[in-house]
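J.: Following this line is run-v7.tsv, made up of TSV, C-alpha atoms:
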```
chain	number	residue	atom	x	y	z
A	1	MET	CA	-111.96	36.06	-34.03
A	2	ALA	CA	-111.62	39.69	-34.88
A	3	SER	CA	-108.24	40.29	-33.31
A	4	GLN	CA	-105.11	38.48	-32.27
A	5	PRO	CA	-105.87	35.68	-29.80
A	6	ALA	CA	-104.55	36.35	-26.34
A	7	LYS	CA	-104.44	34.30	-23.21
A	8	ALA	CA	-107.70	34.33	-21.31
A	9	ALA	CA	-107.57	36.66	-18.31
A	10	SER	CA	-108.62	33.91	-15.93
A	11	THR	CA	-105.42	31.99	-16.62
A	12	LEU	CA	-103.08	34.91	-15.96
A	13	ALA	CA	-101.19	35.16	-12.73
A	14	PRO	CA	-102.30	38.05	-10.54
A	15	GLY	CA	-100.14	41.07	-11.21
A	16	SER	CA	-99.06	40.01	-14.70
A	17	ALA	CA	-99.58	42.54	-17.44
A	18	TYR	CA	-102.71	42.08	-19.47
A	19	PRO	CA	-101.85	41.33	-23.09
A	20	GLY	CA	-104.47	43.66	-24.51
A	21	PRO	CA	-108.08	43.46	-25.60
A	22	ARG	CA	-108.87	40.36	-27.64
A	23	PHE	CA	-111.95	41.63	-29.38
A	24	SER	CA	-112.51	44.44	-31.82
A	25	GLU	CA	-115.64	46.41	-32.50
A	26	GLY	CA	-118.06	44.27	-34.47
A	27	ALA	CA	-116.68	40.96	-33.21
A	28	ARG	CA	-119.27	38.29	-32.49
A	29	VAL	CA	-118.88	37.02	-28.96
A	30	HIS	CA	-120.45	34.40	-26.78
A	31	VAL	CA	-121.01	34.92	-23.06
A	32	ASP	CA	-119.83	32.08	-20.87
A	33	SER	CA	-122.63	30.28	-19.05
A	34	ARG	CA	-120.59	29.23	-16.02
A	35	GLU	CA	-121.90	29.60	-12.52
A	36	ALA	CA	-119.78	32.12	-10.68
A	37	ILE	CA	-119.01	31.61	-7.04
A	38	GLY	CA	-119.18	34.92	-5.24
A	39	HIS	CA	-119.55	38.39	-6.68
A	40	CYS	CA	-119.71	38.91	-10.41
A	41	ARG	CA	-121.12	41.52	-12.76
A	42	THR	CA	-122.42	39.33	-15.58
A	43	PRO	CA	-126.23	39.11	-15.51
A	44	TYR	CA	-127.69	35.62	-15.77
A	45	TYR	CA	-129.99	36.41	-18.66
A	46	VAL	CA	-127.08	37.03	-21.08
A	47	ARG	CA	-125.05	33.99	-20.06
A	48	GLY	CA	-124.84	31.54	-22.93
A	49	LYS	CA	-126.06	34.19	-25.39
A	50	ALA	CA	-124.28	35.59	-28.41
A	51	GLY	CA	-123.83	39.28	-29.02
A	52	THR	CA	-121.70	41.79	-30.87
A	53	VAL	CA	-118.98	44.01	-29.44
A	54	ALA	CA	-120.25	47.57	-29.83
A	55	SER	CA	-117.11	49.12	-28.34
A	56	LEU	CA	-114.29	48.73	-25.88
A	57	VAL	CA	-115.39	50.70	-22.84
A	58	GLY	CA	-112.06	50.65	-21.03
A	59	ILE	CA	-109.70	48.61	-18.89
A	60	PHE	CA	-110.86	48.15	-15.30
A	61	PRO	CA	-109.85	46.17	-12.22
A	62	ASN	CA	-111.53	42.77	-12.00
A	63	PRO	CA	-114.67	43.27	-9.86
A	64	GLU	CA	-114.72	39.61	-8.88
A	65	GLN	CA	-111.54	40.29	-6.92
A	66	LEU	CA	-112.30	43.84	-5.81
A	67	ALA	CA	-115.39	42.55	-4.04
A	68	TYR	CA	-113.10	40.60	-1.72
A	69	HIS	CA	-110.65	43.41	-1.11
A	70	ARG	CA	-108.10	42.07	-3.54
A	71	PRO	CA	-106.38	44.34	-6.05
A	72	GLY	CA	-108.35	43.25	-9.12
A	73	LEU	CA	-105.28	42.52	-11.21
A	74	PRO	CA	-104.75	41.94	-13.98
A	75	LYS	CA	-107.18	44.61	-15.04
A	76	LEU	CA	-109.65	43.44	-17.65
A	77	PRO	CA	-110.94	44.92	-20.86
A	78	LEU	CA	-114.58	45.86	-20.47
A	79	TYR	CA	-116.75	45.76	-23.57
A	80	ARG	CA	-120.11	47.16	-24.45
A	81	VAL	CA	-121.79	44.07	-25.88
A	82	ARG	CA	-125.00	44.37	-27.89
A	83	PHE	CA	-127.67	41.68	-27.93
A	84	MET	CA	-130.73	41.65	-30.17
A	85	GLN	CA	-133.79	41.38	-27.95
A	86	ALA	CA	-135.32	38.73	-30.19
A	87	GLU	CA	-132.25	36.57	-29.54
A	88	LEU	CA	-132.47	37.04	-25.78
A	89	TRP	CA	-136.16	36.29	-25.41
A	90	GLU	CA	-138.03	33.88	-27.68
A	91	ASP	CA	-141.32	35.68	-27.23
A	92	TYR	CA	-139.96	39.23	-27.25
A	93	ALA	CA	-142.79	41.64	-28.00
A	94	GLY	CA	-141.27	44.75	-29.54
A	95	ALA	CA	-139.69	46.02	-32.71
A	96	ALA	CA	-137.27	43.86	-34.68
A	97	ASP	CA	-134.42	46.32	-34.14
A	98	ASP	CA	-134.81	46.55	-30.37
A	99	HIS	CA	-131.64	45.58	-28.60
A	100	LEU	CA	-129.85	45.65	-25.29
A	101	ASP	CA	-126.35	46.74	-24.36
A	102	VAL	CA	-124.46	45.37	-21.38
A	103	ASP	CA	-120.94	46.07	-20.18
A	104	ILE	CA	-119.15	42.71	-19.89
A	105	TYR	CA	-115.57	41.93	-18.83
A	106	GLU	CA	-113.43	39.99	-21.24
A	107	SER	CA	-113.03	37.04	-18.85
A	108	TRP	CA	-116.67	36.20	-19.62
A	109	LEU	CA	-116.39	36.36	-23.41
A	110	GLU	CA	-115.29	33.94	-26.07
A	111	ALA	CA	-115.26	34.37	-29.83
A	112	ALA	CA	-118.54	33.17	-31.30
A	113	ASP	CA	-118.81	31.37	-34.63
A	114	ALA	CA	-119.76	33.85	-37.32
B	1	MET	CA	-128.37	67.97	12.65
B	2	HIS	CA	-127.01	64.78	14.14
B	3	ASP	CA	-127.10	65.83	17.76
B	4	GLY	CA	-128.19	63.64	20.60
B	5	HIS	CA	-128.38	59.92	20.93
B	6	HIS	CA	-128.02	58.03	17.69
B	7	ASP	CA	-130.82	55.56	17.98
B	8	ASP	CA	-130.75	52.27	16.06
B	9	HIS	CA	-133.82	53.40	14.13
B	10	ASP	CA	-132.86	56.98	13.52
B	11	HIS	CA	-133.89	56.69	9.86
B	12	ALA	CA	-136.69	54.64	8.45
B	13	PRO	CA	-135.12	51.71	6.61
B	14	ILE	CA	-135.48	51.81	2.83
B	15	THR	CA	-137.09	48.57	1.81
B	16	ASP	CA	-138.55	47.14	-1.35
B	17	GLY	CA	-141.92	46.98	0.34
B	18	GLU	CA	-143.52	46.76	3.72
B	19	GLY	CA	-142.08	44.58	6.39
B	20	SER	CA	-139.28	44.06	8.80
B	21	VAL	CA	-135.63	44.99	8.43
B	22	SER	CA	-133.86	42.74	5.94
B	23	ARG	CA	-130.75	40.73	6.70
B	24	PHE	CA	-128.75	43.04	4.43
B	25	GLU	CA	-129.81	46.05	6.44
B	26	VAL	CA	-128.74	44.29	9.61
B	27	LEU	CA	-125.46	43.41	7.90
B	28	GLU	CA	-124.90	47.02	6.77
B	29	GLN	CA	-125.61	48.35	10.22
B	30	SER	CA	-123.33	45.83	11.90
B	31	ILE	CA	-120.45	46.56	9.53
B	32	ARG	CA	-120.96	50.30	9.84
B	33	GLU	CA	-120.89	50.14	13.62
B	34	LEU	CA	-117.82	47.92	13.60
B	35	LEU	CA	-115.96	50.27	11.24
B	36	ILE	CA	-116.74	53.17	13.53
B	37	GLU	CA	-115.82	51.23	16.67
B	38	LYS	CA	-112.49	50.23	15.18
B	39	GLY	CA	-111.78	53.79	14.09
B	40	ILE	CA	-111.60	52.94	10.39
B	41	LEU	CA	-114.45	55.33	9.58
B	42	SER	CA	-116.05	58.02	11.66
B	43	ALA	CA	-119.74	58.74	11.94
B	44	GLN	CA	-118.84	62.25	10.77
B	45	ALA	CA	-117.20	60.91	7.60
B	46	ILE	CA	-120.33	58.90	6.85
B	47	ALA	CA	-122.56	61.89	7.50
B	48	ASP	CA	-120.36	64.06	5.26
B	49	ARG	CA	-120.63	61.54	2.47
B	50	ILE	CA	-124.41	61.47	2.83
B	51	ASP	CA	-124.38	65.28	2.63
B	52	VAL	CA	-122.46	65.09	-0.66
B	53	LEU	CA	-125.02	62.70	-2.08
B	54	ASP	CA	-127.89	64.82	-0.80
B	55	SER	CA	-126.39	67.85	-2.54
B	56	ARG	CA	-126.79	66.12	-5.90
B	57	ASN	CA	-130.07	66.34	-7.76
B	58	PRO	CA	-131.39	66.11	-11.32
B	59	SER	CA	-130.90	69.83	-11.97
B	60	LEU	CA	-127.19	69.06	-12.43
B	61	GLY	CA	-127.92	66.56	-15.17
B	62	ALA	CA	-130.44	68.96	-16.72
B	63	GLN	CA	-127.78	71.64	-16.88
B	64	VAL	CA	-125.49	69.26	-18.77
B	65	VAL	CA	-128.27	68.31	-21.20
B	66	ALA	CA	-129.29	71.94	-21.83
B	67	ARG	CA	-125.70	72.87	-22.58
B	68	ALA	CA	-125.38	69.97	-25.01
B	69	TRP	CA	-128.60	71.06	-26.72
B	70	THR	CA	-127.35	74.60	-27.21
B	71	ASP	CA	-123.72	73.95	-28.08
B	72	GLU	CA	-122.84	71.31	-30.68
B	73	ALA	CA	-119.13	71.43	-29.85
B	74	TYR	CA	-119.92	70.88	-26.19
B	75	LYS	CA	-122.16	67.94	-27.08
B	76	ALA	CA	-119.34	66.35	-29.05
B	77	ARG	CA	-116.99	66.75	-26.09
B	78	LEU	CA	-119.64	65.38	-23.73
B	79	LEU	CA	-120.08	62.23	-25.79
B	80	ALA	CA	-116.33	61.76	-26.24
B	81	ASP	CA	-115.19	62.50	-22.68
B	82	PRO	CA	-118.09	62.86	-20.24
B	83	ARG	CA	-115.88	63.37	-17.19
B	84	ALA	CA	-114.05	66.34	-18.71
B	85	ALA	CA	-117.13	67.90	-20.30
B	86	ILE	CA	-119.18	67.65	-17.10
B	87	GLY	CA	-116.20	69.08	-15.25
B	88	GLU	CA	-116.28	72.11	-17.56
B	89	LEU	CA	-119.57	73.05	-15.89
B	90	GLY	CA	-117.94	72.86	-12.48
B	91	ILE	CA	-119.54	69.51	-11.64
B	92	ASP	CA	-117.23	66.94	-10.09
B	93	ILE	CA	-118.45	63.38	-10.68
B	94	GLY	CA	-116.00	61.91	-8.19
B	95	HIS	CA	-113.91	58.82	-8.74
B	96	LEU	CA	-116.17	55.93	-7.83
B	97	ALA	CA	-117.21	55.44	-11.44
B	98	GLU	CA	-116.78	56.70	-14.97
B	99	PHE	CA	-119.71	58.18	-16.82
B	100	GLY	CA	-121.21	57.41	-20.20
B	101	VAL	CA	-123.64	59.59	-22.14
B	102	LEU	CA	-126.21	57.88	-24.35
B	103	GLU	CA	-127.61	60.13	-27.07
B	104	ASN	CA	-131.17	59.56	-28.19
B	105	THR	CA	-131.80	60.09	-31.89
B	106	ASP	CA	-134.73	59.70	-34.26
B	107	GLN	CA	-133.59	56.09	-34.67
B	108	VAL	CA	-132.73	54.93	-31.17
B	109	HIS	CA	-134.15	55.58	-27.71
B	110	HIS	CA	-132.12	54.61	-24.67
B	111	VAL	CA	-133.46	53.47	-21.34
B	112	VAL	CA	-131.10	52.69	-18.46
B	113	VAL	CA	-131.49	49.96	-15.85
B	114	CYS	CA	-129.17	48.10	-13.53
B	115	THR	CA	-130.40	44.54	-13.22
B	116	LEU	CA	-127.69	43.52	-10.76
B	117	CYS	CA	-128.23	46.25	-8.19
B	118	SER	CA	-129.08	49.88	-8.76
B	119	CYS	CA	-126.11	51.57	-10.46
B	120	TYR	CA	-127.15	55.12	-11.22
B	121	PRO	CA	-125.38	58.40	-12.08
B	122	LYS	CA	-125.91	59.76	-8.58
B	123	MET	CA	-123.36	62.54	-8.96
B	124	LEU	CA	-125.55	64.05	-11.70
B	125	LEU	CA	-129.04	62.94	-10.72
B	126	GLY	CA	-128.90	62.45	-6.96
B	127	VAL	CA	-130.36	59.46	-5.18
B	128	PRO	CA	-132.36	57.21	-7.51
B	129	PRO	CA	-136.14	56.94	-7.19
B	130	ALA	CA	-137.42	53.88	-5.31
B	131	TRP	CA	-138.88	52.38	-8.47
B	132	TYR	CA	-135.46	52.37	-10.15
B	133	LYS	CA	-134.29	49.97	-7.45
B	134	SER	CA	-137.42	47.82	-7.47
B	135	SER	CA	-137.18	44.26	-8.71
B	136	ALA	CA	-140.12	44.94	-11.04
B	137	TYR	CA	-138.34	47.75	-12.93
B	138	ARG	CA	-135.04	45.89	-12.99
B	139	GLY	CA	-136.56	42.65	-14.16
B	140	ARG	CA	-139.10	43.94	-16.63
B	141	THR	CA	-137.09	46.67	-18.37
B	142	VAL	CA	-134.74	44.20	-20.00
B	143	ARG	CA	-137.57	41.78	-20.79
B	144	GLU	CA	-140.36	44.03	-22.04
B	145	PRO	CA	-139.02	47.57	-22.29
B	146	ARG	CA	-141.82	48.90	-24.48
B	147	ALA	CA	-144.44	47.77	-21.97
B	148	VAL	CA	-142.49	49.42	-19.14
B	149	LEU	CA	-142.04	52.62	-21.15
B	150	GLY	CA	-145.77	52.57	-21.93
B	151	GLU	CA	-146.53	52.56	-18.23
B	152	PHE	CA	-144.36	55.67	-17.90
B	153	GLY	CA	-146.37	57.26	-20.72
B	154	VAL	CA	-143.71	56.84	-23.38
B	155	THR	CA	-144.87	55.25	-26.61
B	156	LEU	CA	-142.33	54.99	-29.41
B	157	ALA	CA	-142.90	54.21	-33.07
B	158	ASP	CA	-141.68	50.81	-34.23
B	159	ASP	CA	-139.05	52.45	-36.43
B	160	VAL	CA	-137.33	53.81	-33.32
B	161	ALA	CA	-135.23	51.03	-31.81
B	162	VAL	CA	-135.37	50.74	-28.04
B	163	ARG	CA	-131.89	50.23	-26.68
B	164	VAL	CA	-131.92	49.09	-23.08
B	165	TYR	CA	-128.64	49.77	-21.34
B	166	ASP	CA	-128.03	47.39	-18.48
B	167	SER	CA	-125.56	49.35	-16.38
B	168	THR	CA	-123.67	46.52	-14.76
B	169	ALA	CA	-120.07	47.54	-14.35
B	170	ASP	CA	-117.74	50.54	-14.06
B	171	LEU	CA	-119.79	53.16	-15.86
B	172	ARG	CA	-122.86	55.15	-14.91
B	173	TYR	CA	-125.06	56.19	-17.79
B	174	LEU	CA	-126.93	59.39	-18.47
B	175	VAL	CA	-129.41	59.59	-21.32
B	176	LEU	CA	-129.12	62.67	-23.50
B	177	PRO	CA	-132.72	63.09	-24.64
B	178	ARG	CA	-133.79	64.61	-27.96
B	179	ARG	CA	-134.48	68.29	-27.87
B	180	PRO	CA	-138.16	68.95	-28.68
B	181	ASP	CA	-138.69	70.82	-31.95
B	182	ALA	CA	-140.94	73.32	-30.21
B	183	THR	CA	-138.02	74.70	-28.18
B	184	ALA	CA	-136.32	76.61	-30.99
B	185	GLY	CA	-134.88	79.83	-29.61
B	186	TRP	CA	-135.06	78.79	-25.97
B	187	ASP	CA	-132.08	79.57	-23.79
B	188	ALA	CA	-130.25	77.01	-21.66
B	189	ASP	CA	-132.20	77.83	-18.47
B	190	GLN	CA	-135.55	77.42	-20.21
B	191	LEU	CA	-134.37	74.15	-21.70
B	192	ALA	CA	-133.00	72.79	-18.43
B	193	ALA	CA	-136.42	73.30	-16.86
B	194	ILE	CA	-138.02	70.67	-19.10
B	195	VAL	CA	-135.28	68.06	-18.62
B	196	THR	CA	-136.68	65.93	-15.83
B	197	ARG	CA	-134.91	63.14	-14.00
B	198	ASP	CA	-136.86	60.51	-15.90
B	199	CYS	CA	-135.84	62.04	-19.25
B	200	MET	CA	-132.24	61.30	-18.28
B	201	ILE	CA	-133.05	57.71	-17.27
B	202	GLY	CA	-134.96	57.25	-20.51
B	203	THR	CA	-138.40	56.69	-18.99
B	204	ALA	CA	-139.75	60.07	-20.13
B	205	LEU	CA	-139.48	62.46	-23.05
B	206	PRO	CA	-138.98	66.20	-22.54
B	207	GLN	CA	-142.22	68.08	-22.97
B	208	ALA	CA	-142.08	71.57	-24.48
```
Render the structure in this file as structure tokens.

T.:
Amino acid sequence: MASQPAKAASTLAPGSAYPGPRFSEGARVHVDSREAIGHCRTPYYVRGKAGTVASLVGIFPNPEQLAYHRPGLPKLPLYRVRFMQAELWEDYAGAADDHLDVDIYESWLEAADA
Amino acid sequence: MHDGHHDDHDHAPITDGEGSVSRFEVLEQSIRELLIEKGILSAQAIADRIDVLDSRNPSLGAQVVARAWTDEAYKARLLADPRAAIGELGIDIGHLAEFGVLENTDQVHHVVVCTLCSCYPKMLLGVPPAWYKSSAYRGRTVREPRAVLGEFGVTLADDVAVRVYDSTADLRYLVLPRRPDATAGWDADQLAAIVTRDCMIGTALPQA
């Protein structure tokens, strides 16, 4: 893990202060493959895939709560996560360096083995 | 403009294809009518909001791009703080979303998609084209971007990486295309004229 471990957002009580982003730029991360009930902003095709944190985009209210008119607290770090296309799709037909960036909330990310 | 009886089918429904009204359209209409009935929103407020959206079009984005092409310091500010830099030109991007600017270089070409819905920088580009919201564009752009770009007439060398940006969350992304070499000496108005909507989505390259 690239930075100090912090408690996962999903285990924090609503309204408690978020301890700070867990991942630094360049950290390898793994997207959780859970099935979400209700609204969520994590596309299926990246679930279970490994990528690299390109940057911290910001701290935003949790959309999975906002969708149901709840306050979205604690706010979550949102990362720009980069995936190599060849790792997303086995038969990817393009250049070796082609990649894809997705903004993913920290509650969907875990540190990946290097 | 909105005088007279407001019929249920005042506007043709926007659908992915031919056919009847979808359940989501029925849902939207029901919720809208309930909100108005309960006095939470007024029809006027909705109409005003539609007017704001209708006032936005790709010439706003083109103005931002042309300024970035002609002013390196502005470009740096635009990349670092899009909201403030766009505001410098008198354009208010509102508070529904933050903006990100993706700079194309000789090494990377960006193309923007929203696979989950149709997130789009409306405050700079206006209402998105129908194809941007189609399941074909959304599904294929992340899967085979070079084939999709080819269908738009954009063919990139293999040493230019294609970076698809799946715009899924709190930011709306604008592509800052590369300025064509043949535009040396052009002023900002001349430059803005070649920056089309698709150039700022990443599905076209500016043509000088």

J.: Hey, list the chain B side of the contact with chain A: 6 Å cut-off, all atoms listed in the file, answer as a list in words.

T.: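 Every residue meeting the condition is included here: Asp158, Ala161, Val162, Arg163, Val164, Tyr165, Asp166 and Thr168 of chain B.
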
J.: Hey, can you check how far CA of His109 in chain B sits from CA of Gly51 in chain A?

T.: 19.3 Å

J.: I'd like the box whose edges run along x, y and z of the file and which contains every listed atom of range 73-88 of chain A, padded by 4 Å per side; could you state its centre and edge lengths in Å, one decimal, as JSON?

T.:
```
{"center_x": -120.0, "center_y": 41.9, "center_z": -20.7, "size_x": 38.6, "size_y": 18.6, "size_z": 27.0}
```

J.: Residues around (-117.6, 38.6, -27.9), cut-off 12 Å, counting only C-alpha atoms - what are they as a PyMOL selection string?

T.: chain A and resi 1-3+21-32+46-56+77-83+102-114

J.: Just give me the gap between CA of Tyr132 in chain B and CA of Leu96 in chain B in Å, one decimal is fine.

T.: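 Between CA of Tyr132 in chain B and CA of Leu96 in chain B the gap works out to 19.8 Å.
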
J.: Under the rule that only C-alpha atoms are counted, which of B:Ala84, B:Arg197, B:Thr183, B:Arg146 is the nearest residue to Tyr120 in chain B?

T.: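 The answer is B:Arg197, which sits nearest to Tyr120 in chain B.
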
J.: When you draw a straight line from CA of Pro129 in chain B to CA of Arg83 in chain B, how long is it in Å?

T.: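 According to the coordinates, CA of Pro129 in chain B and CA of Arg83 in chain B are separated by 23.5 Å.
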
J.: Could you check which of B:Arg143, B:Gly150, B:Glu103, B:Val21 is closest to Ala86 in chain A, using all atoms listed in the file?

T.: B:Arg143

J.: Give me the residues near Gly38 in chain A as a VMD selection string, where near means some atom within 10 Å (using all atoms listed in the file) and where sequence neighbours in that chain fewer than 3 positions away do not count.

T.: chain A and resid 35 64 to 65 67 to 68

J.: Nearest residue to His110 in chain B out of B:Ala47, B:Leu149, B:Ile194, B:Leu60, using all atoms listed in the file?

T.: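 Ranked by minimum distance to His110 in chain B, first place goes to B:Leu149.
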
J.: Pick the closest to Trp69 in chain B from B:Ile93, B:Val52, B:Leu41, B:Ala184: which is it, counting only C-alpha atoms?

T.: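 The shortest atom-to-atom distance to Trp69 in chain B comes from B:Ala184.
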
J.: Taking into account only C-alpha atoms, which residue in the set B:Leu79, B:Ile46, B:Val113, B:Leu27 is nearest to Gly202 in chain B?

T.: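 Ranked by minimum distance to Gly202 in chain B, first place goes to B:Val113.
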
J.: Looking at all atoms listed in the file, which of B:Asp159, B:Ile40, B:Leu176, B:Trp186 is the one that sits closest to Gln107 in chain B?

T.: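 Closest to Gln107 in chain B of all the choices is B:Asp159.
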